[in-house]
>>> print(open('structure.cif').read())   # mmCIF, C-alpha atoms
data_model
loop_
_atom_site.label_atom_id
_atom_site.label_comp_id
_atom_site.auth_asym_id
_atom_site.auth_seq_id
_atom_site.Cartn_x
_atom_site.Cartn_y
_atom_site.Cartn_z
CA MET A 389 0.00 0.00 0.00
CA TRP A 390 2.81 2.39 0.89
CA ILE A 391 4.54 1.69 -2.44
CA GLY A 392 1.32 2.43 -4.25
CA ARG A 393 0.92 5.75 -2.49
CA ARG A 394 4.52 6.66 -3.24
CA ALA A 395 4.16 5.75 -6.90
CA ILE A 396 1.07 7.90 -7.26
CA LEU A 397 2.71 10.82 -5.48
CA LEU A 398 5.73 10.52 -7.75
CA LEU A 399 3.38 10.49 -10.71
CA LEU A 400 1.67 13.64 -9.45
CA ALA A 401 5.04 15.27 -8.89
CA GLY A 402 6.08 14.29 -12.39
CA LEU A 403 2.97 15.81 -13.89
CA THR A 404 3.77 19.04 -12.09
CA LEU A 405 7.41 18.97 -13.11
CA THR A 406 6.85 18.41 -16.81
CA PRO A 407 6.03 21.99 -17.87
CA VAL A 408 8.80 23.42 -15.72
CA LEU A 409 11.37 21.14 -17.29
CA ALA A 410 10.00 21.91 -20.73
CA GLN A 411 10.60 25.59 -20.08
CA ALA A 412 14.13 24.98 -18.87
CA GLN A 413 14.97 23.16 -22.08
CA THR A 414 14.42 26.28 -24.16
CA ASN A 415 17.87 27.60 -23.14
CA VAL A 416 16.50 30.94 -22.13
CA GLN A 417 19.03 33.33 -20.66
CA PHE A 418 18.57 36.59 -18.80
CA TYR A 419 20.36 39.86 -19.39
CA ILE A 420 19.98 43.13 -17.49
CA VAL A 421 20.15 45.76 -20.20
CA PRO A 422 19.60 49.52 -20.36
CA LYS A 423 16.58 51.05 -22.01
CA ALA A 424 16.96 52.75 -25.35
CA VAL A 425 14.74 55.51 -26.67
CA VAL A 426 14.34 54.74 -30.32
CA ALA A 427 13.38 56.93 -33.21
CA ASP A 428 10.56 55.08 -34.91
CA SER A 429 10.11 56.37 -38.41
CA ASP A 430 6.62 54.93 -38.50
CA PHE A 431 5.50 56.70 -35.35
CA PRO A 432 7.14 60.09 -34.89
CA GLY A 433 4.32 61.18 -32.61
CA LEU A 434 5.09 58.58 -29.99
CA VAL A 435 8.24 58.01 -27.98
CA THR A 436 9.14 54.33 -28.09
CA VAL A 437 11.37 52.68 -25.50
CA ARG A 438 12.80 49.20 -25.87
CA PRO A 439 15.71 47.16 -24.55
CA LYS A 440 19.06 48.30 -25.87
CA TYR A 441 20.65 45.96 -28.42
CA VAL A 442 17.45 44.30 -29.69
CA GLY A 443 17.17 46.56 -32.72
CA ALA A 444 18.16 45.60 -36.23
CA GLY A 445 21.94 45.52 -36.57
CA ASP A 446 22.59 46.31 -32.90
CA LEU A 447 24.65 43.13 -32.42
CA GLY A 448 26.16 43.03 -35.88
CA VAL A 449 25.15 41.61 -39.21
CA ASP A 450 22.73 38.64 -39.12
CA ASN A 451 22.79 38.65 -35.33
CA ASP A 452 19.49 40.35 -34.47
CA VAL A 453 17.58 39.34 -31.37
CA VAL A 454 14.14 38.30 -32.56
CA GLY A 455 11.62 37.11 -30.01
CA TRP A 456 12.08 38.25 -26.44
CA THR A 457 10.07 39.13 -23.37
CA ALA A 458 11.19 41.41 -20.61
CA LEU A 459 10.55 42.68 -17.12
CA ASN A 460 10.40 46.44 -17.41
CA PHE A 461 11.96 48.33 -14.48
CA GLY A 462 9.30 51.06 -14.83
CA SER A 463 10.77 54.44 -13.93
CA GLU A 464 14.30 53.06 -13.89
CA SER A 465 16.24 52.78 -17.11
CA LEU A 466 16.65 49.00 -17.08
CA TYR A 467 15.05 45.76 -18.19
CA ILE A 468 15.65 42.11 -17.46
CA ILE A 469 15.28 40.61 -20.91
CA GLY A 470 14.88 36.89 -21.50
CA PHE A 471 15.27 34.90 -24.71
CA ALA A 472 17.08 31.88 -26.08
CA PRO A 473 20.25 33.36 -27.57
CA THR A 474 22.50 31.91 -30.22
CA PRO A 475 26.13 31.60 -29.12
CA ALA A 476 26.94 34.65 -31.24
CA GLN A 477 24.17 36.72 -29.65
CA ASP A 478 25.22 35.67 -26.16
CA SER A 479 28.83 36.52 -26.92
CA ALA A 480 27.98 39.90 -28.39
CA LEU A 481 25.61 40.87 -25.57
CA SER A 482 27.95 39.65 -22.83
CA ALA A 483 30.71 41.79 -24.26
CA LYS A 484 28.72 45.00 -23.82
CA THR A 485 29.96 46.95 -20.82
CA ASP A 486 26.46 48.13 -19.92
CA VAL A 487 24.92 44.64 -19.96
CA LEU A 488 24.84 42.15 -17.09
CA ALA A 489 24.62 38.66 -18.58
CA PHE A 490 23.30 35.85 -16.43
CA PRO A 491 24.82 32.43 -17.21
CA SER A 492 22.85 29.70 -18.93
CA ASN A 493 23.05 27.71 -15.70
CA MET A 494 20.77 29.83 -13.54
CA GLY A 495 21.23 27.37 -10.70
CA ALA A 496 24.90 28.28 -10.36
CA ASN A 497 25.99 30.45 -7.48
CA VAL A 498 26.79 34.06 -8.24
CA SER A 499 30.52 34.60 -8.64
CA ALA A 500 32.34 37.09 -6.44
CA THR A 501 33.04 39.29 -9.43
CA ALA A 502 29.40 39.24 -10.47
CA VAL A 503 28.25 40.11 -6.94
CA THR A 504 29.99 43.46 -7.13
CA LYS A 505 28.64 44.21 -10.60
CA ILE A 506 25.06 43.22 -9.77
CA GLN A 507 25.08 45.16 -6.52
CA GLY A 508 26.25 48.28 -8.32
CA VAL A 509 23.59 48.06 -11.01
CA LEU A 510 20.75 47.35 -8.60
CA GLU A 511 21.77 50.07 -6.14
CA THR A 512 21.92 52.63 -8.94
CA ALA A 513 18.42 51.59 -9.99
CA HIS A 514 17.04 51.94 -6.44
CA ILE A 515 16.27 48.23 -6.29
CA THR A 516 18.88 47.68 -3.52
CA GLY A 517 21.76 45.25 -3.96
CA ASP A 518 23.28 44.72 -0.54
CA TRP A 519 21.53 41.36 -0.29
CA VAL A 520 23.37 39.91 -3.30
CA ASN A 521 26.05 37.44 -2.23
CA THR A 522 27.84 34.34 -3.44
CA GLY A 523 25.49 32.11 -1.46
CA LEU A 524 22.66 32.91 -3.87
CA THR A 525 22.06 31.42 -7.29
CA TYR A 526 21.51 33.60 -10.31
CA LEU A 527 17.90 32.44 -10.38
CA GLN A 528 17.43 33.59 -6.78
CA VAL A 529 18.96 36.96 -7.62
CA ALA A 530 16.62 37.30 -10.59
CA ARG A 531 13.67 36.33 -8.39
CA ILE A 532 14.40 38.82 -5.62
CA THR A 533 15.11 41.56 -8.13
CA ALA A 534 11.89 40.84 -10.01
CA ARG A 535 9.82 40.92 -6.81
CA ILE A 536 11.13 44.35 -5.87
CA VAL A 537 10.64 45.62 -9.42
CA ASN A 538 7.14 44.15 -9.44
CA PHE A 539 6.26 46.03 -6.26
CA ARG A 540 7.76 49.28 -7.50
CA ASN A 541 5.93 49.03 -10.81
CA ARG A 542 2.57 48.59 -9.08
CA LEU A 543 3.35 51.41 -6.62
CA GLU A 544 4.56 53.86 -9.22
CA GLY A 545 2.24 52.88 -12.10
CA THR A 546 -1.04 52.63 -10.25
CA TYR A 547 -0.70 54.51 -6.94
CA LEU A 548 2.01 57.20 -7.01
CA LEU A 549 1.95 57.88 -10.75
CA GLN A 550 5.58 58.91 -10.43
CA THR A 551 8.82 57.46 -9.17
CA LEU A 552 9.19 56.83 -5.46
CA PHE A 553 12.73 58.15 -5.65
CA ALA A 554 12.11 61.79 -6.42
CA ALA A 555 13.39 64.82 -4.54
CA GLY A 556 16.17 63.36 -2.45
CA VAL A 557 14.50 60.07 -1.50
CA THR A 558 16.95 57.16 -1.42
CA VAL A 559 16.63 53.52 -0.47
CA ASP A 560 18.02 54.48 2.94
CA THR A 561 15.25 57.01 3.58
CA ARG A 562 13.09 55.90 6.50
CA LEU A 563 9.39 55.44 5.88
CA ASN A 564 8.64 58.02 8.60
CA GLN A 565 10.59 60.55 6.54
CA LEU A 566 8.19 60.11 3.62
CA PRO A 567 4.81 61.87 3.39
CA ALA A 568 2.14 59.78 5.10
CA GLY A 569 0.23 59.50 1.86
CA VAL A 570 3.19 57.88 0.14
CA VAL A 571 3.53 55.27 2.87
CA GLN A 572 -0.19 54.53 2.64
CA LYS A 573 0.17 54.00 -1.08
CA MET A 574 3.16 51.72 -0.55
CA ASN A 575 1.00 49.68 1.78
CA ALA A 576 -1.90 49.58 -0.67
CA ALA A 577 0.37 48.65 -3.59
CA ALA A 578 1.93 45.78 -1.66
CA GLN A 579 -1.42 44.46 -0.52
CA SER A 580 -2.82 44.66 -4.06
CA LEU A 581 -0.13 42.14 -5.00
CA GLY A 582 -1.02 39.89 -2.08
CA LEU A 583 2.03 40.88 -0.02
CA ASP A 584 1.96 41.00 3.78
CA THR A 585 3.11 44.35 5.18
CA SER A 586 2.35 43.66 8.83
CA THR A 587 6.01 43.43 9.87
CA ILE A 588 7.00 46.69 8.17
CA THR A 589 7.24 49.62 10.56
CA ASN A 590 7.61 53.33 9.95
CA SER A 591 11.08 53.40 11.47
CA MET A 592 12.36 51.05 8.76
CA THR A 593 14.19 52.25 5.70
CA ILE A 594 12.83 51.67 2.21
CA ARG A 595 15.68 49.19 1.81
CA GLN A 596 14.43 47.20 4.79
CA ALA A 597 10.84 47.33 3.54
CA PHE A 598 11.94 46.06 0.12
CA ALA A 599 13.77 43.19 1.80
CA ILE A 600 10.61 42.10 3.62
CA LEU A 601 8.46 42.36 0.51
CA ALA A 602 11.02 40.47 -1.57
CA GLN A 603 10.71 37.45 0.70
CA GLN A 604 7.14 36.98 -0.53
CA ALA A 605 5.86 35.69 -3.84
CA PRO A 606 3.14 37.86 -5.40
CA THR A 607 -0.18 36.08 -5.78
CA SER A 608 -0.20 36.58 -9.54
CA GLY A 609 3.20 35.00 -10.05
CA LEU A 610 6.29 36.25 -11.84
CA SER A 611 7.98 34.97 -14.96
CA ILE A 612 10.34 36.11 -17.67
CA ALA A 613 10.44 34.32 -21.02
CA GLY A 614 8.74 31.30 -19.55
CA ILE A 615 11.07 30.98 -16.55
CA THR A 616 9.02 31.05 -13.36
CA LEU A 617 10.60 33.22 -10.70
CA MET B 625 -24.79 46.23 -21.67
CA SER B 626 -23.44 42.86 -20.76
CA LEU B 627 -20.06 41.31 -21.30
CA PRO B 628 -18.54 40.20 -23.51
CA ALA B 629 -19.01 43.42 -25.43
CA THR B 630 -18.86 43.21 -29.19
CA ASP B 631 -18.86 45.59 -32.12
CA ASN B 632 -18.90 44.59 -35.79
CA PHE B 633 -18.91 48.25 -36.86
CA ASN B 634 -21.70 47.60 -39.36
CA ARG B 635 -23.38 50.99 -39.23
CA ALA B 636 -23.18 54.48 -40.60
CA ASN B 637 -19.80 56.18 -40.75
CA GLU B 638 -18.50 57.94 -37.62
CA ASP B 639 -15.64 60.42 -37.64
CA PRO B 640 -14.39 60.17 -34.96
CA ILE B 641 -15.75 56.87 -33.70
CA ALA B 642 -18.58 57.48 -31.22
CA GLY B 643 -21.41 55.77 -29.39
CA SER B 644 -19.97 53.15 -27.07
CA TRP B 645 -16.44 54.32 -27.85
CA THR B 646 -14.41 57.13 -26.34
CA GLU B 647 -11.22 58.33 -27.96
CA MET B 648 -8.02 58.59 -25.92
CA LEU B 649 -6.52 61.49 -27.75
CA PHE B 650 -2.77 61.69 -28.11
CA ASP B 651 -3.14 64.18 -30.91
CA THR B 652 -6.32 66.17 -31.42
CA LEU B 653 -5.91 65.86 -35.17
CA VAL B 654 -5.66 62.07 -35.18
CA HIS B 655 -8.79 59.98 -34.68
CA MET B 656 -10.13 56.47 -34.81
CA VAL B 657 -12.64 56.58 -37.66
CA LEU B 658 -15.45 54.18 -38.54
CA GLN B 659 -15.95 53.94 -42.27
CA SER B 660 -17.46 51.30 -44.53
CA ASN B 661 -18.03 48.98 -41.57
CA GLY B 662 -14.42 48.95 -40.34
CA VAL B 663 -12.26 51.17 -38.12
CA PHE B 664 -8.88 52.74 -38.72
CA CYS B 665 -6.76 55.70 -37.72
CA ASN B 666 -6.85 58.77 -39.92
CA GLY B 667 -3.27 59.75 -39.12
CA THR B 668 -0.21 58.34 -40.79
CA ASP B 669 2.30 59.30 -38.15
CA ASP B 670 0.63 58.73 -34.81
CA TYR B 671 -1.38 56.25 -32.84
CA ALA B 672 -5.06 56.58 -32.03
CA PHE B 673 -6.83 54.59 -29.34
CA ALA B 674 -10.48 54.26 -28.43
CA ILE B 675 -11.87 52.60 -25.33
CA TRP B 676 -15.22 50.92 -24.81
CA ASN B 677 -17.40 53.07 -22.55
CA ALA B 678 -20.60 51.03 -22.27
CA ASP B 679 -19.35 48.56 -19.67
CA THR B 680 -17.02 48.45 -16.72
CA PRO B 681 -14.95 45.30 -17.05
CA ALA B 682 -13.22 43.43 -14.28
CA SER B 683 -9.50 44.03 -13.93
CA ASP B 684 -8.82 40.61 -15.48
CA GLN B 685 -9.96 41.17 -19.03
CA TYR B 686 -9.29 40.66 -22.73
CA SER B 687 -9.58 42.54 -25.97
CA GLN B 688 -9.54 41.10 -29.47
CA ALA B 689 -10.22 42.19 -33.04
CA VAL B 690 -9.84 40.97 -36.59
CA LEU B 691 -7.15 42.78 -38.54
CA HIS B 692 -7.34 43.36 -42.26
CA GLU B 693 -4.17 44.08 -44.14
CA GLY B 694 -3.62 45.83 -47.41
CA GLY B 695 -1.88 48.80 -48.92
CA THR B 696 1.66 49.98 -48.29
CA GLY B 697 3.62 51.80 -45.62
CA GLY B 698 4.05 51.18 -41.94
CA ARG B 699 0.89 50.43 -40.02
CA ARG B 700 0.06 48.84 -36.74
CA TRP B 701 -3.14 47.28 -35.46
CA LEU B 702 -3.71 47.34 -31.71
CA VAL B 703 -5.93 45.84 -29.06
CA ASN B 704 -5.74 47.26 -25.56
CA VAL B 705 -6.45 46.34 -21.98
CA ARG B 706 -6.48 48.23 -18.67
CA MET B 707 -6.50 51.59 -20.43
CA THR B 708 -7.20 54.78 -18.47
CA GLY B 709 -6.74 58.50 -18.94
CA SER B 710 -6.65 60.69 -21.99
CA GLY B 711 -4.03 62.42 -24.08
CA GLY B 712 -0.75 62.73 -22.21
CA THR B 713 -2.02 60.76 -19.22
CA VAL B 714 -3.05 57.58 -21.04
CA THR B 715 -1.83 54.41 -19.36
CA GLY B 716 -2.42 50.74 -20.08
CA TYR B 717 -1.26 47.88 -22.26
CA ALA B 718 -1.34 47.47 -26.02
CA LEU B 719 -0.70 44.48 -28.25
CA ALA B 720 0.37 45.65 -31.69
CA GLN B 721 0.78 43.72 -34.90
CA SER B 722 3.12 45.60 -37.17
CA THR B 723 3.74 45.48 -40.88
CA ALA B 724 7.30 44.52 -39.93
CA ASN B 725 5.77 41.12 -39.10
CA LEU B 726 6.17 41.50 -35.36
CA TYR B 727 3.78 41.20 -32.50
CA LEU B 728 4.81 43.86 -30.00
CA LEU B 729 3.53 44.26 -26.46
CA PHE B 730 3.67 47.75 -25.00
CA SER B 731 3.22 49.31 -21.60
CA ILE B 732 1.81 52.76 -22.32
CA ALA B 733 2.41 55.76 -20.06
CA GLY B 734 1.37 59.08 -21.50
CA GLY B 735 3.21 59.62 -24.74
CA VAL B 736 5.75 56.90 -24.05
CA ALA B 737 5.29 53.33 -25.32
CA THR B 738 7.64 50.91 -23.61
CA GLN B 739 8.09 47.56 -25.34
CA ILE B 740 7.90 44.60 -23.00
CA ALA B 741 7.84 41.82 -25.60
CA SER B 742 8.54 41.26 -29.25
CA VAL B 743 7.69 38.17 -31.26
CA SER B 744 8.26 37.48 -34.92
CA HIS B 745 4.88 36.75 -36.49
CA ASN B 746 3.68 37.44 -40.00
CA VAL B 747 0.76 39.74 -40.47
CA GLY B 748 -2.26 37.62 -41.23
CA ASP B 749 -5.11 39.23 -43.14
CA GLY B 750 -8.30 38.21 -41.37
CA HIS B 751 -6.50 36.97 -38.27
CA THR B 752 -7.87 37.62 -34.80
CA MET B 753 -5.34 39.29 -32.49
CA LYS B 754 -6.02 39.08 -28.80
CA VAL B 755 -4.43 40.19 -25.55
CA THR B 756 -5.44 39.01 -22.10
CA VAL B 757 -4.44 40.26 -18.68
CA VAL B 758 -4.92 38.24 -15.51
CA GLY B 759 -3.36 39.64 -12.36
CA THR B 760 0.04 40.79 -13.55
CA THR B 761 0.25 38.37 -16.48
CA LEU B 762 -0.26 39.46 -20.08
CA THR B 763 -0.65 36.92 -22.87
CA MET B 764 -0.73 37.40 -26.63
CA TYR B 765 -2.73 35.30 -29.08
CA ASP B 766 -3.11 35.04 -32.85
CA ASN B 767 -6.14 33.14 -34.11
CA GLY B 768 -6.48 31.53 -30.72
CA SER B 769 -2.88 30.34 -30.48
CA GLN B 770 -0.53 31.78 -27.91
CA VAL B 771 2.35 33.47 -29.73
CA SER B 772 4.75 33.96 -26.84
CA THR B 773 5.39 33.05 -23.25
CA PRO B 774 3.31 35.23 -20.90
CA VAL B 775 4.74 38.57 -19.85
CA THR B 776 4.71 39.92 -16.29
CA ASP B 777 3.94 43.59 -15.69
CA SER B 778 2.33 44.98 -12.54
CA SER B 779 2.21 48.66 -13.46
CA TYR B 780 -1.51 48.97 -14.14
CA ALA B 781 -4.08 47.23 -11.98
CA THR B 782 -7.33 48.36 -13.55
CA GLY B 783 -8.77 50.04 -16.62
CA VAL B 784 -10.93 49.28 -19.62
CA PHE B 785 -10.43 47.55 -22.95
CA GLY B 786 -10.31 48.99 -26.42
CA LEU B 787 -8.53 49.10 -29.73
CA GLY B 788 -6.28 51.33 -31.73
CA MET B 789 -4.30 51.74 -34.87
CA LEU B 790 -1.68 53.67 -36.68
CA GLY B 791 -2.69 54.70 -40.14
CA GLY B 792 -4.58 52.53 -42.57
CA THR B 793 -7.54 53.20 -44.78
CA VAL B 794 -10.70 51.23 -44.91
CA ALA B 795 -9.89 50.02 -48.40
CA SER B 796 -6.68 48.44 -47.19
CA SER B 797 -5.86 48.19 -43.52
CA TYR B 798 -8.43 48.29 -40.75
CA LEU B 799 -9.82 46.53 -37.71
CA ASP B 800 -13.16 44.77 -37.54
CA ASP B 801 -15.26 42.51 -35.31
CA TRP B 802 -13.93 43.66 -31.94
CA GLU B 803 -14.75 41.89 -28.69
CA GLY B 804 -13.88 42.67 -25.09
CA GLY B 805 -14.74 40.77 -21.95
CA ASN B 806 -13.79 39.55 -18.53
CA MET B 807 -11.40 36.69 -18.08
CA VAL B 808 -13.18 33.83 -16.42
CA THR B 809 -11.42 32.69 -13.28
CA VAL B 810 -11.29 28.92 -13.21
CA PRO B 811 -11.48 27.64 -9.65
CA PRO B 812 -8.85 25.09 -8.65
CA PRO B 813 -10.02 21.54 -9.17
CA ALA B 814 -11.56 19.93 -6.16
CA VAL B 815 -9.35 17.47 -4.36
CA SER B 816 -10.69 14.04 -5.02
CA ASN B 817 -11.38 11.61 -2.26
CA ALA B 818 -8.71 9.36 -3.77
CA ILE B 819 -6.00 12.00 -3.32
CA ARG B 820 -7.28 12.85 0.15
CA LYS B 821 -7.06 9.22 1.18
CA LEU B 822 -3.61 8.80 -0.33
CA THR B 823 -2.04 11.92 1.07
CA GLY B 824 -4.06 12.38 4.21
CA SER B 825 -4.42 16.01 3.18
CA ALA B 826 -7.27 18.10 1.89
CA THR B 827 -4.87 19.91 -0.40
CA ARG B 828 -2.86 18.85 -3.39
CA PRO B 829 0.88 18.25 -3.01
CA ALA B 830 2.86 21.51 -3.13
CA PRO B 831 3.98 22.31 -6.68
CA PHE B 832 7.62 22.16 -7.60
CA LYS B 833 9.31 25.55 -7.29
CA PRO B 834 12.34 25.75 -9.55
CA GLY B 835 15.51 27.08 -8.03
CA LEU B 836 14.64 26.75 -4.39
CA ALA B 837 16.36 23.43 -4.06
CA ARG B 838 19.41 24.40 -6.08
#
>>> encode(input="structure.cif", output="structure tokens")
Amino acid sequence: MWIGRRAILLLLAGLTLTPVLAQAQTNVQFYIVPKAVVADSDFPGLVTVRPKYVGAGDLGVDNDVVGWTALNFGSESLYIIGFAPTPAQDSALSAKTDVLAFPSNMGANVSATAVTKIQGVLETAHITGDWVNTGLTYLQVARITARIVNFRNRLEGTYLLQTLFAAGVTVDTRLNQLPAGVVQKMNAAAQSLGLDTSTITNSMTIRQAFAILAQQAPTSGLSIAGITL
Amino acid sequence: MSLPATDNFNRANEDPIAGSWTEMLFDTLVHMVLQSNGVFCNGTDDYAFAIWNADTPASDQYSQAVLHEGGTGGRRWLVNVRMTGSGGTVTGYALAQSTANLYLLFSIAGGVATQIASVSHNVGDGHTMKVTVVGTTLTMYDNGSQVSTPVTDSSYATGVFGLGMLGGTVASSYLDDWEGGNMVTVPPPAVSNAIRKLTGSATRPAPFKPGLAR
């Protein structure tokens, strides 16, 4: 009887694993890339923003990135872009000094060199990066980053209608130094994503609040290019 | 009215489009126009959007329309979800099929369109393009088939559905047979007695979470 139960549970687990493994086999890789404002000859009346280096010819002849999805960093000038690169595309993108390329093995631990680079990029973008260390995998770094970005996008796109980091606000600003209305909107934005804010206090910094929110998965899920975060 | 909302545009010409539609003006000279039972944008160098005003959809919603392709020059056909505002304050999401044979997904904020996905896909005359949004997940479809992995964006929580276009004339490129509605939330399947007996739990086994065990 026990063997039968185990077999059925393994079968259930296998059914759940199948789509995840199928996604992993697509060889998707992540890159943190700057945004580029592009002149679109078709649409001069509209400003178009897209990831840098995905335009025709950006990575050289016959090396265009076609087919990608991205996590937009909202008011910050960054994306995490995901796609299945050719070796030539990966090589060309990885060589760009303003691109952070994640390895194909997202389960690998972040290298010491990469820790410094990732921290710098995320701090500049007001995501916070002090939590990045060599004990984390690249997938975990992408997940935590995406959760903070996800919260900021909801806060700034739906509630504040502007960046949180205006007029001298930094990630080390305490919540009690922000206007009460802003803190209320931070609370509402987090709760709209199903995040628990009960342990966040007004004496905490934004950095500390982000850390608490990033420990929680949003109810609607997060993915980039089919990779569940 | 009741959802899903539909419009086949089979009525007298409207310039700009009216009735159950409200324009979201980027440019006061550029309009969505109904002519000869189809809709298009009367500008060649700017977008025009119109949102459905006869219903208030749920935040999880979809918008779809049939695109018709003809003529020359750059054009884009759009279907929109979670749109709010007007002119420089317009926000929401737009799926665009372009004459460059790309499906493009945009997050719109005022006069800025930020691409969040791009998929190579040939323009199909008579094809139905559709975008859905559930929670923070946007999905693109062509003729009922998903054309890309879903895209996550949390910027806009609510709004209404609609359509839009750049350029086109009714004789060549236009949109027709629009539909907008709520996404139906499918409840999780009930746990069968067999699973309950086997696991001793009223819940299903926890799903595999990639990365956590690495």
>>> resolve_selection(input="structure.cif", expression="the PyMOL selection byres ((chain B and resi 643-655) around 8)", output="PyMOL selection string")
chain B and resi 639-642+656-657+665-667+670-678+709-712+714+735
>>> atom_distance(input="structure.cif", atom1="atom CA of A:Pro422", atom2="atom CA of A:Phe490")
14.7 Å
>>> residues_around(input="structure.cif", residues="stretch 440-452 of chain A", least_positions_apart="4", cutoff="7 Å", atoms="all atoms listed in the file", output="tab-separated table (two decimals) with C-alpha atoms, in the coordinates of the input")
chain	number	residue	atom	x	y	z
A	421	VAL	CA	20.15	45.76	-20.20
A	422	PRO	CA	19.60	49.52	-20.36
A	423	LYS	CA	16.58	51.05	-22.01
A	424	ALA	CA	16.96	52.75	-25.35
A	477	GLN	CA	24.17	36.72	-29.65
A	480	ALA	CA	27.98	39.90	-28.39
>>> atom_distance(input="structure.cif", atom1="atom CA of B:Val771", atom2="atom CA of B:Tyr798")
21.4 Å
>>> residues_around(input="structure.cif", residues="A:Gly609", least_positions_apart="6", cutoff="12 Å", atoms="all atoms listed in the file", output="NGL selection string")
(:A and (531 or 534-535 or 538 or 581-583 or 615-617)) or (:B and (758-762 or 774-778 or 833))
>>> resolve_selection(input="structure.cif", expression="the PyMOL selection byres ((chain B and resi 738) around 12)", output="ChimeraX atom specification")
/A:423-426,434-440,458-467 /B:715-719,728-737,739-742,777,779
>>> atom_distance(input="structure.cif", atom1="atom CA of A:Asp478", atom2="atom CA of A:Ala500")
21.0 Å
>>> closest_residue(input="structure.cif", among="A:Gln565, A:Gln572, A:Ser608, A:Gln603", to="chain B", atoms="all atoms listed in the file")
A:Ser608
>>> residues_near_point(input="structure.cif", point="(-7.7, 46.3, -34.0)", cutoff="8 Å", atoms="only C-alpha atoms", output="PDB file with C-alpha atoms, keeping the file's coordinate frame")
ATOM      1  CA  VAL B 663     -12.260  51.170 -38.120  1.00  0.00           C
ATOM      2  CA  GLN B 688      -9.540  41.100 -29.470  1.00  0.00           C
ATOM      3  CA  ALA B 689     -10.220  42.190 -33.040  1.00  0.00           C
ATOM      4  CA  VAL B 690      -9.840  40.970 -36.590  1.00  0.00           C
ATOM      5  CA  LEU B 691      -7.150  42.780 -38.540  1.00  0.00           C
ATOM      6  CA  TRP B 701      -3.140  47.280 -35.460  1.00  0.00           C
ATOM      7  CA  LEU B 702      -3.710  47.340 -31.710  1.00  0.00           C
ATOM      8  CA  VAL B 703      -5.930  45.840 -29.060  1.00  0.00           C
ATOM      9  CA  MET B 753      -5.340  39.290 -32.490  1.00  0.00           C
ATOM     10  CA  LEU B 787      -8.530  49.100 -29.730  1.00  0.00           C
ATOM     11  CA  GLY B 788      -6.280  51.330 -31.730  1.00  0.00           C
ATOM     12  CA  MET B 789      -4.300  51.740 -34.870  1.00  0.00           C
ATOM     13  CA  TYR B 798      -8.430  48.290 -40.750  1.00  0.00           C
ATOM     14  CA  LEU B 799      -9.820  46.530 -37.710  1.00  0.00           C
ATOM     15  CA  ASP B 800     -13.160  44.770 -37.540  1.00  0.00           C
ATOM     16  CA  TRP B 802     -13.930  43.660 -31.940  1.00  0.00           C
TER      17      TRP B 802
END
>>> closest_residue(input="structure.cif", among="A:Gly495, A:Gly556, A:Pro567, A:Gly508", to="chain B", atoms="all atoms listed in the file")
A:Gly495
>>> residues_around(input="structure.cif", residues="A:Thr516", least_positions_apart="5", cutoff="10 Å", atoms="all atoms listed in the file", output="PyMOL selection string")
chain A and resi 506-511+533+536+558-560+594-596+598-599
